[in-house]
>>> print(open('model-v8.cif').read())   # mmCIF, C-alpha atoms and all ligand atoms
data_entry
#
loop_
_atom_site.group_PDB
_atom_site.id
_atom_site.type_symbol
_atom_site.label_atom_id
_atom_site.label_comp_id
_atom_site.auth_asym_id
_atom_site.auth_seq_id
_atom_site.Cartn_x
_atom_site.Cartn_y
_atom_site.Cartn_z
ATOM 1 C CA MET U 919 -15.946 -39.831 -19.717
ATOM 2 C CA ARG U 920 -17.206 -37.845 -22.737
ATOM 3 C CA THR U 921 -19.850 -35.666 -21.218
ATOM 4 C CA VAL U 922 -18.467 -33.025 -18.886
ATOM 5 C CA THR U 923 -20.946 -31.459 -16.489
ATOM 6 C CA LYS U 924 -20.585 -28.859 -13.797
ATOM 7 C CA ASN U 925 -20.843 -31.614 -11.233
ATOM 8 C CA ASN U 926 -18.382 -34.151 -12.664
ATOM 9 C CA ILE U 927 -15.696 -31.769 -13.999
ATOM 10 C CA THR U 928 -13.401 -32.329 -10.993
ATOM 11 C CA ASP U 929 -13.456 -36.106 -11.512
ATOM 12 C CA VAL U 930 -12.846 -35.629 -15.233
ATOM 13 C CA PHE U 931 -9.888 -33.365 -14.391
ATOM 14 C CA THR U 932 -8.429 -36.032 -12.088
ATOM 15 C CA GLY U 933 -8.803 -38.653 -14.813
ATOM 16 C CA TYR U 934 -6.580 -36.666 -17.208
ATOM 17 C CA PHE U 935 -3.331 -37.236 -15.239
ATOM 18 C CA GLY U 936 -0.645 -39.319 -16.932
ATOM 19 C CA LYS U 937 0.164 -42.615 -15.199
ATOM 20 C CA ASP U 938 3.714 -41.514 -14.296
ATOM 21 C CA THR U 939 2.672 -38.240 -12.688
ATOM 22 C CA ASP U 940 4.487 -37.507 -9.449
ATOM 23 C CA PRO U 941 2.004 -38.572 -6.702
ATOM 24 C CA ARG U 942 2.449 -35.420 -4.629
ATOM 25 C CA LEU U 943 1.926 -33.191 -7.674
ATOM 26 C CA LYS U 944 -1.220 -35.155 -8.469
ATOM 27 C CA GLU U 945 -2.481 -34.799 -4.905
ATOM 28 C CA VAL U 946 -1.840 -31.025 -4.789
ATOM 29 C CA LEU U 947 -3.289 -30.298 -8.257
ATOM 30 C CA THR U 948 -6.359 -32.468 -7.663
ATOM 31 C CA CYS U 949 -7.074 -30.730 -4.381
ATOM 32 C CA LEU U 950 -6.489 -27.314 -5.942
ATOM 33 C CA ALA U 951 -8.886 -28.103 -8.812
ATOM 34 C CA ARG U 952 -11.488 -29.396 -6.348
ATOM 35 C CA HIS U 953 -11.360 -26.168 -4.329
ATOM 36 C CA LEU U 954 -11.313 -23.967 -7.454
ATOM 37 C CA HIS U 955 -14.319 -25.762 -8.899
ATOM 38 C CA ASP U 956 -16.179 -25.610 -5.577
ATOM 39 C CA PHE U 957 -15.295 -21.919 -5.321
ATOM 40 C CA ALA U 958 -16.757 -21.186 -8.784
ATOM 41 C CA ARG U 959 -19.919 -23.201 -8.027
ATOM 42 C CA GLU U 960 -20.414 -21.780 -4.526
ATOM 43 C CA THR U 961 -19.984 -18.155 -5.598
ATOM 44 C CA ASN U 962 -21.767 -18.669 -8.910
ATOM 45 C CA LEU U 963 -18.722 -16.932 -10.438
ATOM 46 C CA THR U 964 -19.659 -14.788 -13.447
ATOM 47 C CA HIS U 965 -17.645 -14.407 -16.645
ATOM 48 C CA ASP U 966 -16.981 -10.814 -15.722
ATOM 49 C CA GLU U 967 -15.620 -11.723 -12.296
ATOM 50 C CA TRP U 968 -13.510 -14.540 -13.736
ATOM 51 C CA ARG U 969 -12.020 -12.126 -16.332
ATOM 52 C CA LYS U 970 -11.330 -9.506 -13.638
ATOM 53 C CA GLY U 971 -9.484 -12.167 -11.643
ATOM 54 C CA LEU U 972 -7.310 -13.028 -14.629
ATOM 55 C CA GLU U 973 -6.599 -9.340 -15.292
ATOM 56 C CA PHE U 974 -5.605 -8.998 -11.649
ATOM 57 C CA LEU U 975 -3.086 -11.842 -12.027
ATOM 58 C CA GLU U 976 -1.771 -10.329 -15.272
ATOM 59 C CA TRP U 977 -1.212 -6.977 -13.531
ATOM 60 C CA ALA U 978 0.523 -8.738 -10.641
ATOM 61 C CA GLY U 979 2.783 -10.510 -13.150
ATOM 62 C CA ASN U 980 3.604 -7.307 -14.986
ATOM 63 C CA ILE U 981 4.821 -5.464 -11.887
ATOM 64 C CA THR U 982 6.679 -8.466 -10.474
ATOM 65 C CA GLY U 983 10.446 -8.446 -10.976
ATOM 66 C CA PRO U 984 13.679 -9.061 -9.045
ATOM 67 C CA GLU U 985 12.903 -6.251 -6.546
ATOM 68 C CA ARG U 986 9.171 -6.757 -6.068
ATOM 69 C CA ASN U 987 6.960 -9.806 -6.032
ATOM 70 C CA GLU U 988 3.261 -8.957 -6.029
ATOM 71 C CA PHE U 989 2.307 -12.649 -5.836
ATOM 72 C CA VAL U 990 4.136 -13.008 -2.512
ATOM 73 C CA LEU U 991 2.346 -9.916 -1.254
ATOM 74 C CA LEU U 992 -0.960 -11.379 -2.426
ATOM 75 C CA SER U 993 -0.198 -14.608 -0.565
ATOM 76 C CA ASP U 994 0.697 -12.511 2.516
ATOM 77 C CA VAL U 995 -2.475 -10.394 2.621
ATOM 78 C CA MET U 996 -4.667 -13.446 1.907
ATOM 79 C CA GLY U 997 -3.157 -15.182 4.961
ATOM 80 C CA LEU U 998 -1.698 -18.016 2.892
ATOM 81 C CA SER U 999 1.963 -17.314 3.746
ATOM 82 C CA SER U 1000 1.177 -17.295 7.459
ATOM 83 C CA LEU U 1001 -1.015 -20.381 7.226
ATOM 84 C CA VAL U 1002 1.793 -22.365 5.561
ATOM 85 C CA ASP U 1003 4.157 -21.125 8.314
ATOM 86 C CA MET U 1004 1.777 -22.258 11.043
ATOM 87 C CA ILE U 1005 1.052 -25.637 9.450
ATOM 88 C CA HIS U 1006 4.786 -26.415 9.595
ATOM 89 C CA SER U 1007 5.613 -24.790 12.921
ATOM 90 C CA VAL U 1008 7.557 -26.863 15.441
ATOM 91 C CA PRO U 1009 6.088 -26.642 18.973
ATOM 92 C CA ASP U 1010 9.349 -26.150 20.927
ATOM 93 C CA ALA U 1011 11.012 -23.830 18.437
ATOM 94 C CA THR U 1012 10.565 -20.078 18.025
ATOM 95 C CA SER U 1013 7.535 -19.442 15.832
ATOM 96 C CA SER U 1014 8.206 -18.476 12.278
ATOM 97 C CA SER U 1015 6.652 -15.434 10.645
ATOM 98 C CA VAL U 1016 6.559 -13.882 7.177
ATOM 99 C CA LEU U 1017 9.823 -13.173 5.372
ATOM 100 C CA GLY U 1018 8.413 -10.247 3.423
ATOM 101 C CA PRO U 1019 9.998 -8.780 0.310
ATOM 102 C CA PHE U 1020 12.692 -6.603 1.900
ATOM 103 C CA HIS U 1021 15.361 -9.076 2.951
ATOM 104 C CA VAL U 1022 18.681 -8.491 1.158
ATOM 105 C CA SER U 1023 21.319 -11.126 0.495
ATOM 106 C CA ASN U 1024 24.815 -10.844 1.948
ATOM 107 C CA PRO U 1025 24.064 -8.424 4.794
ATOM 108 C CA PRO U 1026 27.180 -6.841 6.330
ATOM 109 C CA PRO U 1027 28.595 -8.539 9.463
ATOM 110 C CA LEU U 1028 27.894 -6.729 12.734
ATOM 111 C CA GLU U 1029 29.983 -7.375 15.873
ATOM 112 C CA ILE U 1030 28.181 -8.229 19.117
ATOM 113 C CA GLY U 1031 27.445 -4.897 20.835
ATOM 114 C CA ALA U 1032 27.705 -2.825 17.666
ATOM 115 C CA ASP U 1033 25.262 -0.150 16.527
ATOM 116 C CA MET U 1034 23.068 -1.069 13.535
ATOM 117 C CA LYS U 1035 21.424 2.356 13.209
ATOM 118 C CA ARG U 1036 24.629 4.172 12.188
ATOM 119 C CA HIS U 1037 23.823 7.940 11.941
ATOM 120 C CA TYR U 1038 19.998 7.544 12.107
ATOM 121 C CA GLU U 1039 18.125 9.280 14.921
ATOM 122 C CA GLY U 1040 15.199 7.777 16.830
ATOM 123 C CA ASP U 1041 14.375 6.011 20.109
ATOM 124 C CA VAL U 1042 17.486 4.005 20.929
ATOM 125 C CA LEU U 1043 16.647 0.309 21.296
ATOM 126 C CA LEU U 1044 19.040 -2.175 22.873
ATOM 127 C CA VAL U 1045 18.348 -5.711 21.636
ATOM 128 C CA THR U 1046 19.922 -8.609 23.511
ATOM 129 C CA GLY U 1047 19.329 -12.329 23.875
ATOM 130 C CA HIS U 1048 20.557 -15.834 23.226
ATOM 131 C CA VAL U 1049 20.142 -18.544 20.679
ATOM 132 C CA PHE U 1050 19.352 -21.875 22.356
ATOM 133 C CA ASP U 1051 18.546 -25.351 21.136
ATOM 134 C CA THR U 1052 15.308 -26.962 22.306
ATOM 135 C CA ASN U 1053 17.173 -28.425 25.341
ATOM 136 C CA ASP U 1054 18.033 -24.865 26.402
ATOM 137 C CA MET U 1055 21.701 -25.332 25.491
ATOM 138 C CA PRO U 1056 23.340 -22.210 24.032
ATOM 139 C CA ILE U 1057 24.318 -22.383 20.386
ATOM 140 C CA LYS U 1058 27.725 -20.878 19.668
ATOM 141 C CA GLY U 1059 28.258 -19.529 16.157
ATOM 142 C CA ALA U 1060 24.544 -19.257 15.350
ATOM 143 C CA LYS U 1061 23.865 -16.652 12.672
ATOM 144 C CA LEU U 1062 21.266 -13.916 13.021
ATOM 145 C CA ASP U 1063 20.356 -12.140 9.825
ATOM 146 C CA ILE U 1064 18.638 -8.954 11.019
ATOM 147 C CA TRP U 1065 16.708 -6.247 9.158
ATOM 148 C CA GLN U 1066 14.166 -3.508 9.850
ATOM 149 C CA THR U 1067 12.774 -0.210 8.592
ATOM 150 C CA ALA U 1068 14.596 3.085 8.977
ATOM 151 C CA PRO U 1069 12.794 5.688 11.169
ATOM 152 C CA ASN U 1070 10.925 6.893 8.044
ATOM 153 C CA GLY U 1071 9.161 3.502 7.814
ATOM 154 C CA LEU U 1072 11.034 2.465 4.665
ATOM 155 C CA TYR U 1073 13.319 -0.483 4.016
ATOM 156 C CA SER U 1074 16.592 0.238 2.243
ATOM 157 C CA SER U 1075 15.363 -1.156 -1.098
ATOM 158 C CA GLN U 1076 12.400 1.275 -1.007
ATOM 159 C CA ASP U 1077 14.412 4.369 -0.184
ATOM 160 C CA ASP U 1078 16.938 6.190 -2.388
ATOM 161 C CA GLU U 1079 18.314 7.944 0.700
ATOM 162 C CA GLN U 1080 19.555 4.665 2.204
ATOM 163 C CA ASP U 1081 22.315 2.434 0.948
ATOM 164 C CA ILE U 1082 21.107 -1.104 0.362
ATOM 165 C CA HIS U 1083 22.702 -2.449 3.562
ATOM 166 C CA SER U 1084 21.298 0.180 5.899
ATOM 167 C CA PHE U 1085 19.391 -1.529 8.749
ATOM 168 C CA HIS U 1086 20.572 -4.945 7.566
ATOM 169 C CA ALA U 1087 23.175 -6.953 9.485
ATOM 170 C CA LEU U 1088 24.529 -10.433 10.132
ATOM 171 C CA MET U 1089 25.528 -11.272 13.718
ATOM 172 C CA THR U 1090 27.213 -14.426 15.029
ATOM 173 C CA THR U 1091 26.544 -15.580 18.592
ATOM 174 C CA ASP U 1092 29.403 -16.068 21.082
ATOM 175 C CA GLU U 1093 30.146 -19.209 23.134
ATOM 176 C CA ASN U 1094 27.121 -18.482 25.355
ATOM 177 C CA GLY U 1095 24.814 -18.172 22.376
ATOM 178 C CA TYR U 1096 24.675 -14.440 23.168
ATOM 179 C CA TYR U 1097 23.925 -11.638 20.725
ATOM 180 C CA ALA U 1098 23.402 -7.902 21.255
ATOM 181 C CA PHE U 1099 23.119 -4.759 19.207
ATOM 182 C CA THR U 1100 21.673 -1.286 19.310
ATOM 183 C CA THR U 1101 19.297 0.211 16.792
ATOM 184 C CA VAL U 1102 16.324 2.574 16.686
ATOM 185 C CA LYS U 1103 12.851 1.356 17.556
ATOM 186 C CA PRO U 1104 11.257 0.232 14.273
ATOM 187 C CA VAL U 1105 7.997 1.906 13.242
ATOM 188 C CA SER U 1106 4.659 0.600 11.934
ATOM 189 C CA TYR U 1107 4.443 0.865 8.155
ATOM 190 C CA THR U 1108 2.173 0.114 5.227
ATOM 191 C CA VAL U 1109 2.739 -2.685 2.697
ATOM 192 C CA PRO U 1110 3.108 -1.471 -0.929
ATOM 193 C CA GLY U 1111 -0.311 -0.197 -2.044
ATOM 194 C CA ASP U 1112 0.315 0.992 -5.602
ATOM 195 C CA GLY U 1113 -0.360 -2.360 -7.294
ATOM 196 C CA PRO U 1114 -3.234 -4.822 -7.602
ATOM 197 C CA VAL U 1115 -2.881 -5.977 -3.986
ATOM 198 C CA GLY U 1116 -3.344 -2.394 -2.800
ATOM 199 C CA GLN U 1117 -6.461 -2.206 -4.940
ATOM 200 C CA ILE U 1118 -7.857 -5.385 -3.333
ATOM 201 C CA LEU U 1119 -7.147 -4.062 0.167
ATOM 202 C CA ASN U 1120 -8.913 -0.836 -0.741
ATOM 203 C CA ALA U 1121 -11.898 -2.571 -2.282
ATOM 204 C CA ALA U 1122 -12.203 -4.805 0.784
ATOM 205 C CA GLY U 1123 -12.059 -1.811 3.150
ATOM 206 C CA ARG U 1124 -8.847 -3.135 4.675
ATOM 207 C CA HIS U 1125 -5.953 -1.011 5.912
ATOM 208 C CA PRO U 1126 -2.412 -1.764 4.672
ATOM 209 C CA TRP U 1127 -0.602 -1.465 8.052
ATOM 210 C CA ARG U 1128 1.839 -3.838 9.702
ATOM 211 C CA PRO U 1129 2.785 -3.491 13.378
ATOM 212 C CA SER U 1130 6.419 -2.461 13.818
ATOM 213 C CA HIS U 1131 8.888 -5.327 14.042
ATOM 214 C CA LEU U 1132 12.448 -6.511 13.813
ATOM 215 C CA HIS U 1133 13.054 -9.242 11.230
ATOM 216 C CA PHE U 1134 15.394 -12.159 11.919
ATOM 217 C CA ILE U 1135 16.532 -15.314 10.201
ATOM 218 C CA ALA U 1136 18.158 -17.448 12.893
ATOM 219 C CA SER U 1137 20.260 -20.353 11.678
ATOM 220 C CA ALA U 1138 22.863 -22.734 13.042
ATOM 221 C CA GLU U 1139 24.607 -25.854 11.832
ATOM 222 C CA GLY U 1140 22.447 -28.937 12.285
ATOM 223 C CA CYS U 1141 19.353 -26.856 13.125
ATOM 224 C CA ARG U 1142 16.285 -25.882 11.186
ATOM 225 C CA SER U 1143 16.496 -22.164 10.348
ATOM 226 C CA VAL U 1144 13.671 -19.938 11.481
ATOM 227 C CA VAL U 1145 12.442 -16.846 9.643
ATOM 228 C CA THR U 1146 10.743 -14.686 12.224
ATOM 229 C CA GLU U 1147 9.890 -11.248 13.594
ATOM 230 C CA VAL U 1148 9.773 -9.626 17.031
ATOM 231 C CA PHE U 1149 6.955 -7.192 17.815
ATOM 232 C CA PRO U 1150 6.585 -4.637 20.662
ATOM 233 C CA ASP U 1151 3.532 -5.282 22.834
ATOM 234 C CA ASP U 1152 2.289 -1.674 22.591
ATOM 235 C CA ASP U 1153 1.934 -1.407 18.816
ATOM 236 C CA PRO U 1154 -1.562 -0.256 17.748
ATOM 237 C CA TYR U 1155 -1.611 -2.705 14.807
ATOM 238 C CA LEU U 1156 -0.651 -5.792 16.803
ATOM 239 C CA ASP U 1157 -4.172 -7.241 16.597
ATOM 240 C CA GLN U 1158 -4.720 -6.338 12.959
ATOM 241 C CA ASP U 1159 -1.497 -7.063 11.077
ATOM 242 C CA THR U 1160 -2.481 -6.962 7.414
ATOM 243 C CA VAL U 1161 -0.236 -9.987 6.667
ATOM 244 C CA PHE U 1162 -1.242 -12.048 9.772
ATOM 245 C CA GLY U 1163 2.363 -12.357 11.045
ATOM 246 C CA VAL U 1164 1.884 -11.865 14.799
ATOM 247 C CA ARG U 1165 2.373 -14.901 17.104
ATOM 248 C CA GLU U 1166 2.076 -14.867 20.897
ATOM 249 C CA ASP U 1167 5.719 -15.844 21.531
ATOM 250 C CA LEU U 1168 6.994 -13.085 19.234
ATOM 251 C CA VAL U 1169 5.375 -10.208 21.141
ATOM 252 C CA MET U 1170 7.776 -8.652 23.645
ATOM 253 C CA SER U 1171 7.924 -5.652 25.953
ATOM 254 C CA TYR U 1172 10.341 -2.998 24.815
ATOM 255 C CA VAL U 1173 11.132 -1.850 28.348
ATOM 256 C CA LYS U 1174 11.992 1.782 29.033
ATOM 257 C CA GLN U 1175 15.367 2.097 30.821
ATOM 258 C CA GLU U 1176 16.457 5.005 32.996
ATOM 259 C CA ALA U 1177 18.773 7.695 31.709
ATOM 260 C CA GLY U 1178 22.368 6.946 32.620
ATOM 261 C CA SER U 1179 21.839 3.179 32.903
ATOM 262 C CA PHE U 1180 23.179 2.222 29.490
ATOM 263 C CA PRO U 1181 25.510 -0.771 30.010
ATOM 264 C CA ASP U 1182 29.201 -0.960 29.099
ATOM 265 C CA GLY U 1183 30.536 -3.069 26.312
ATOM 266 C CA PHE U 1184 28.514 -1.530 23.478
ATOM 267 C CA GLU U 1185 29.544 0.736 20.652
ATOM 268 C CA LEU U 1186 27.047 3.255 22.041
ATOM 269 C CA SER U 1187 28.232 3.016 25.676
ATOM 270 C CA GLY U 1188 28.753 6.550 26.982
ATOM 271 C CA LYS U 1189 26.878 8.020 24.006
ATOM 272 C CA VAL U 1190 23.278 7.419 25.154
ATOM 273 C CA PRO U 1191 22.591 10.341 27.475
ATOM 274 C CA GLY U 1192 18.860 9.822 27.998
ATOM 275 C CA GLU U 1193 16.291 7.079 28.334
ATOM 276 C CA TYR U 1194 16.417 4.142 25.976
ATOM 277 C CA LEU U 1195 14.415 0.961 25.346
ATOM 278 C CA ARG U 1196 15.526 -2.612 25.834
ATOM 279 C CA VAL U 1197 14.164 -5.901 24.545
ATOM 280 C CA ASP U 1198 15.486 -9.358 25.416
ATOM 281 C CA PHE U 1199 14.533 -12.071 23.000
ATOM 282 C CA ASP U 1200 15.785 -15.654 22.998
ATOM 283 C CA PHE U 1201 15.581 -17.875 19.933
ATOM 284 C CA ARG U 1202 15.001 -21.623 20.140
ATOM 285 C CA LEU U 1203 16.104 -23.721 17.193
ATOM 286 C CA VAL U 1204 15.105 -27.326 16.677
ATOM 287 C CA SER U 1205 17.654 -29.802 15.317
ATOM 288 C CA GLU U 1206 17.272 -30.815 11.700
ATOM 289 C CA SER U 1207 15.899 -34.287 10.888
HETATM 290 C C1 LIG D 1 7.617 -7.140 5.840
HETATM 291 O O1 LIG D 1 7.464 -7.381 7.010
HETATM 292 O O2 LIG D 1 8.670 -6.621 5.490
HETATM 293 C C2 LIG D 1 6.518 -7.435 4.879
HETATM 294 C C3 LIG D 1 5.867 -8.643 4.974
HETATM 295 C C4 LIG D 1 4.852 -8.931 4.075
HETATM 296 C C5 LIG D 1 4.502 -8.006 3.108
HETATM 297 C C6 LIG D 1 5.155 -6.792 3.039
HETATM 298 C C7 LIG D 1 6.160 -6.498 3.941
HETATM 299 FE FE FE D 2 8.847 -5.901 7.709
#
>>> encode(input="model-v8.cif", output="structure tokens", more="lines below")
Ligand code: BEZ
Ligand code: FE
Amino acid sequence: MRTVTKNNITDVFTGYFGKDTDPRLKEVLTCLARHLHDFARETNLTHDEWRKGLEFLEWAGNITGPERNEFVLLSDVMGLSSLVDMIHSVPDATSSSVLGPFHVSNPPPLEIGADMKRHYEGDVLLVTGHVFDTNDMPIKGAKLDIWQTAPNGLYSSQDDEQDIHSFHALMTTDENGYYAFTTVKPVSYTVPGDGPVGQILNAAGRHPWRPSHLHFIASAEGCRSVVTEVFPDDDPYLDQDTVFGVREDLVMSYVKQEAGSFPDGFELSGKVPGEYLRVDFDFRLVSES
């Protein structure tokens, strides 16, 4: 086709593929072009707006590096990361939720019952639960990669005062699939706002807050790993998470426990004089295949 028009450009685009193009790549690119072309037609996109969009992507590229990925953040605040999660969710398994940019590799091992908060002060939170398969059988030796903010709302990679492994841990379940640790209650925090994504949130009149949460990657041999988060049911941002990560099965009560009731068998046993909070959360992993 020689004459390209605003109405046939998507078909012309599709006709340019080589005959050996991977079929899935062709399907994804064709669909992407169709939506991009429709988007430009529907919004009557101006040159100025198109250029601003490209400058936005250039800025995102310039501040993206090993420690920060503005494109992931863009995907998060646009709801794309969560939509992909939900499209591929498995009904019987624990829901997945955004990974975020603050996971670190090789977290330090933490024994069952140990204290993840080290010297940090805050509301003591006891976290316990099990890892099960989808037949409710406990999974021994499942790995839980755990991370959260410090009480100042910052992850270790954002905060010079913390060493990189602070509030990061790797726990292995026992023969009952059991895990347990103590920490401080995480706090709500804002996603990084000093880049182009922050500018978009501002321009759209959107706040940058996420409800407080504990991050987990639960994995076990023969099972599909799940990247997820656990949220307290009283967080003010639960219904307006700026990255759309909240799922019904991930919202839990952090239940206040009486002073003096702290159980034995924990690193903090005998050292928690007052009230503390407790959350029980079970993971369900689906077998691979
Ligand atoms: C997080 O939960 O750590 C996070 C997720 C998405 C964007 C920014 C932070
Ligand atoms: Fe987070």
>>> residues_near_ligand(input="model-v8.cif", ligand="ligand FE 2 (chain D)", cutoff="9 Å", atoms="all atoms listed in the file", output="list in words")
Val1016, Leu1017, Gly1018, Pro1019, Phe1020, His1021, Trp1065, Gln1066, Thr1067, Tyr1073, Ser1106, Tyr1107, Val1109, Arg1128, Pro1129, Ser1130, His1131, Leu1132, His1133 and Glu1147 of chain U
>>> residues_around(input="model-v8.cif", residues="U:Leu1119", least_positions_apart="4", cutoff="12 Å", atoms="all atoms listed in the file", output="MDAnalysis selection string")
chainID U and resid 991:992 994:996 1108:1115 1123:1127 1160:1161
>>> write_last_selection(input="model-v8.cif", atoms="C-alpha atoms", output="tab-separated table (two decimals), keeping the file's coordinate frame")
chain	number	residue	atom	x	y	z
U	991	LEU	CA	2.35	-9.92	-1.25
U	992	LEU	CA	-0.96	-11.38	-2.43
U	994	ASP	CA	0.70	-12.51	2.52
U	995	VAL	CA	-2.48	-10.39	2.62
U	996	MET	CA	-4.67	-13.45	1.91
U	1108	THR	CA	2.17	0.11	5.23
U	1109	VAL	CA	2.74	-2.68	2.70
U	1110	PRO	CA	3.11	-1.47	-0.93
U	1111	GLY	CA	-0.31	-0.20	-2.04
U	1112	ASP	CA	0.32	0.99	-5.60
U	1113	GLY	CA	-0.36	-2.36	-7.29
U	1114	PRO	CA	-3.23	-4.82	-7.60
U	1115	VAL	CA	-2.88	-5.98	-3.99
U	1123	GLY	CA	-12.06	-1.81	3.15
U	1124	ARG	CA	-8.85	-3.14	4.68
U	1125	HIS	CA	-5.95	-1.01	5.91
U	1126	PRO	CA	-2.41	-1.76	4.67
U	1127	TRP	CA	-0.60	-1.46	8.05
U	1160	THR	CA	-2.48	-6.96	7.41
U	1161	VAL	CA	-0.24	-9.99	6.67
>>> atom_distance(input="model-v8.cif", atom1="atom CA of U:Ile1082", atom2="atom CA of U:Pro1025")
9.1 Å
>>> closest_residue(input="model-v8.cif", among="U:Leu1043, U:Val1145, U:Leu1088, U:Ala1122", to="ligand LIG 1 (chain D)", atoms="only C-alpha atoms and all ligand atoms")
U:Val1145
>>> closest_residue(input="model-v8.cif", among="U:Val1164, U:Ala1138, U:Leu947, U:Val1204", to="U:Gly933", atoms="all atoms listed in the file")
U:Leu947
>>> closest_residue(input="model-v8.cif", among="U:Glu973, U:Glu1206, U:Asp1041, U:Asp1092", to="U:Val1173", atoms="only C-alpha atoms")
U:Asp1041
>>> decode(input="model-v8.cif", residues="stretch 1028-1034 of chain U", atoms="all heavy atoms", output="short mmCIF file (atom, residue, chain, number, x, y, z; two decimals), in the first residue's frame")
data_model
loop_
_atom_site.label_atom_id
_atom_site.label_comp_id
_atom_site.auth_asym_id
_atom_site.auth_seq_id
_atom_site.Cartn_x
_atom_site.Cartn_y
_atom_site.Cartn_z
N LEU U 1028 17.30 -15.16 58.43
CA LEU U 1028 16.75 -14.84 59.75
C LEU U 1028 16.11 -16.12 60.29
O LEU U 1028 15.30 -16.75 59.60
CB LEU U 1028 15.69 -13.74 59.59
CG LEU U 1028 15.18 -13.05 60.86
CD1 LEU U 1028 16.26 -12.12 61.44
CD2 LEU U 1028 13.93 -12.21 60.55
N GLU U 1029 16.51 -16.51 61.52
CA GLU U 1029 15.95 -17.72 62.14
C GLU U 1029 14.48 -17.50 62.48
O GLU U 1029 14.08 -16.36 62.79
CB GLU U 1029 16.68 -18.03 63.45
CG GLU U 1029 18.13 -18.42 63.29
CD GLU U 1029 18.28 -19.76 62.58
OE1 GLU U 1029 17.54 -20.69 62.94
OE2 GLU U 1029 19.11 -19.85 61.65
N ILE U 1030 13.70 -18.58 62.49
CA ILE U 1030 12.30 -18.47 62.94
C ILE U 1030 12.30 -17.93 64.38
O ILE U 1030 13.04 -18.43 65.23
CB ILE U 1030 11.60 -19.85 62.87
CG1 ILE U 1030 11.51 -20.31 61.42
CG2 ILE U 1030 10.22 -19.79 63.53
CD1 ILE U 1030 11.05 -21.74 61.24
N GLY U 1031 11.51 -16.90 64.62
CA GLY U 1031 11.42 -16.31 65.96
C GLY U 1031 12.36 -15.15 66.19
O GLY U 1031 12.31 -14.50 67.24
N ALA U 1032 13.23 -14.88 65.22
CA ALA U 1032 14.22 -13.80 65.42
C ALA U 1032 13.59 -12.43 65.20
O ALA U 1032 12.47 -12.30 64.71
CB ALA U 1032 15.41 -14.02 64.50
N ASP U 1033 14.37 -11.41 65.57
CA ASP U 1033 13.90 -10.02 65.52
C ASP U 1033 14.50 -9.32 64.30
O ASP U 1033 15.72 -9.16 64.22
CB ASP U 1033 14.33 -9.31 66.82
CG ASP U 1033 13.77 -7.91 66.90
OD1 ASP U 1033 12.66 -7.69 66.37
OD2 ASP U 1033 14.44 -7.05 67.49
N MET U 1034 13.65 -8.88 63.36
CA MET U 1034 14.15 -8.24 62.15
C MET U 1034 14.46 -6.76 62.37
O MET U 1034 15.17 -6.14 61.60
CB MET U 1034 13.13 -8.41 61.01
CG MET U 1034 13.66 -7.95 59.66
SD MET U 1034 12.62 -8.39 58.27
CE MET U 1034 11.30 -7.22 58.44
#
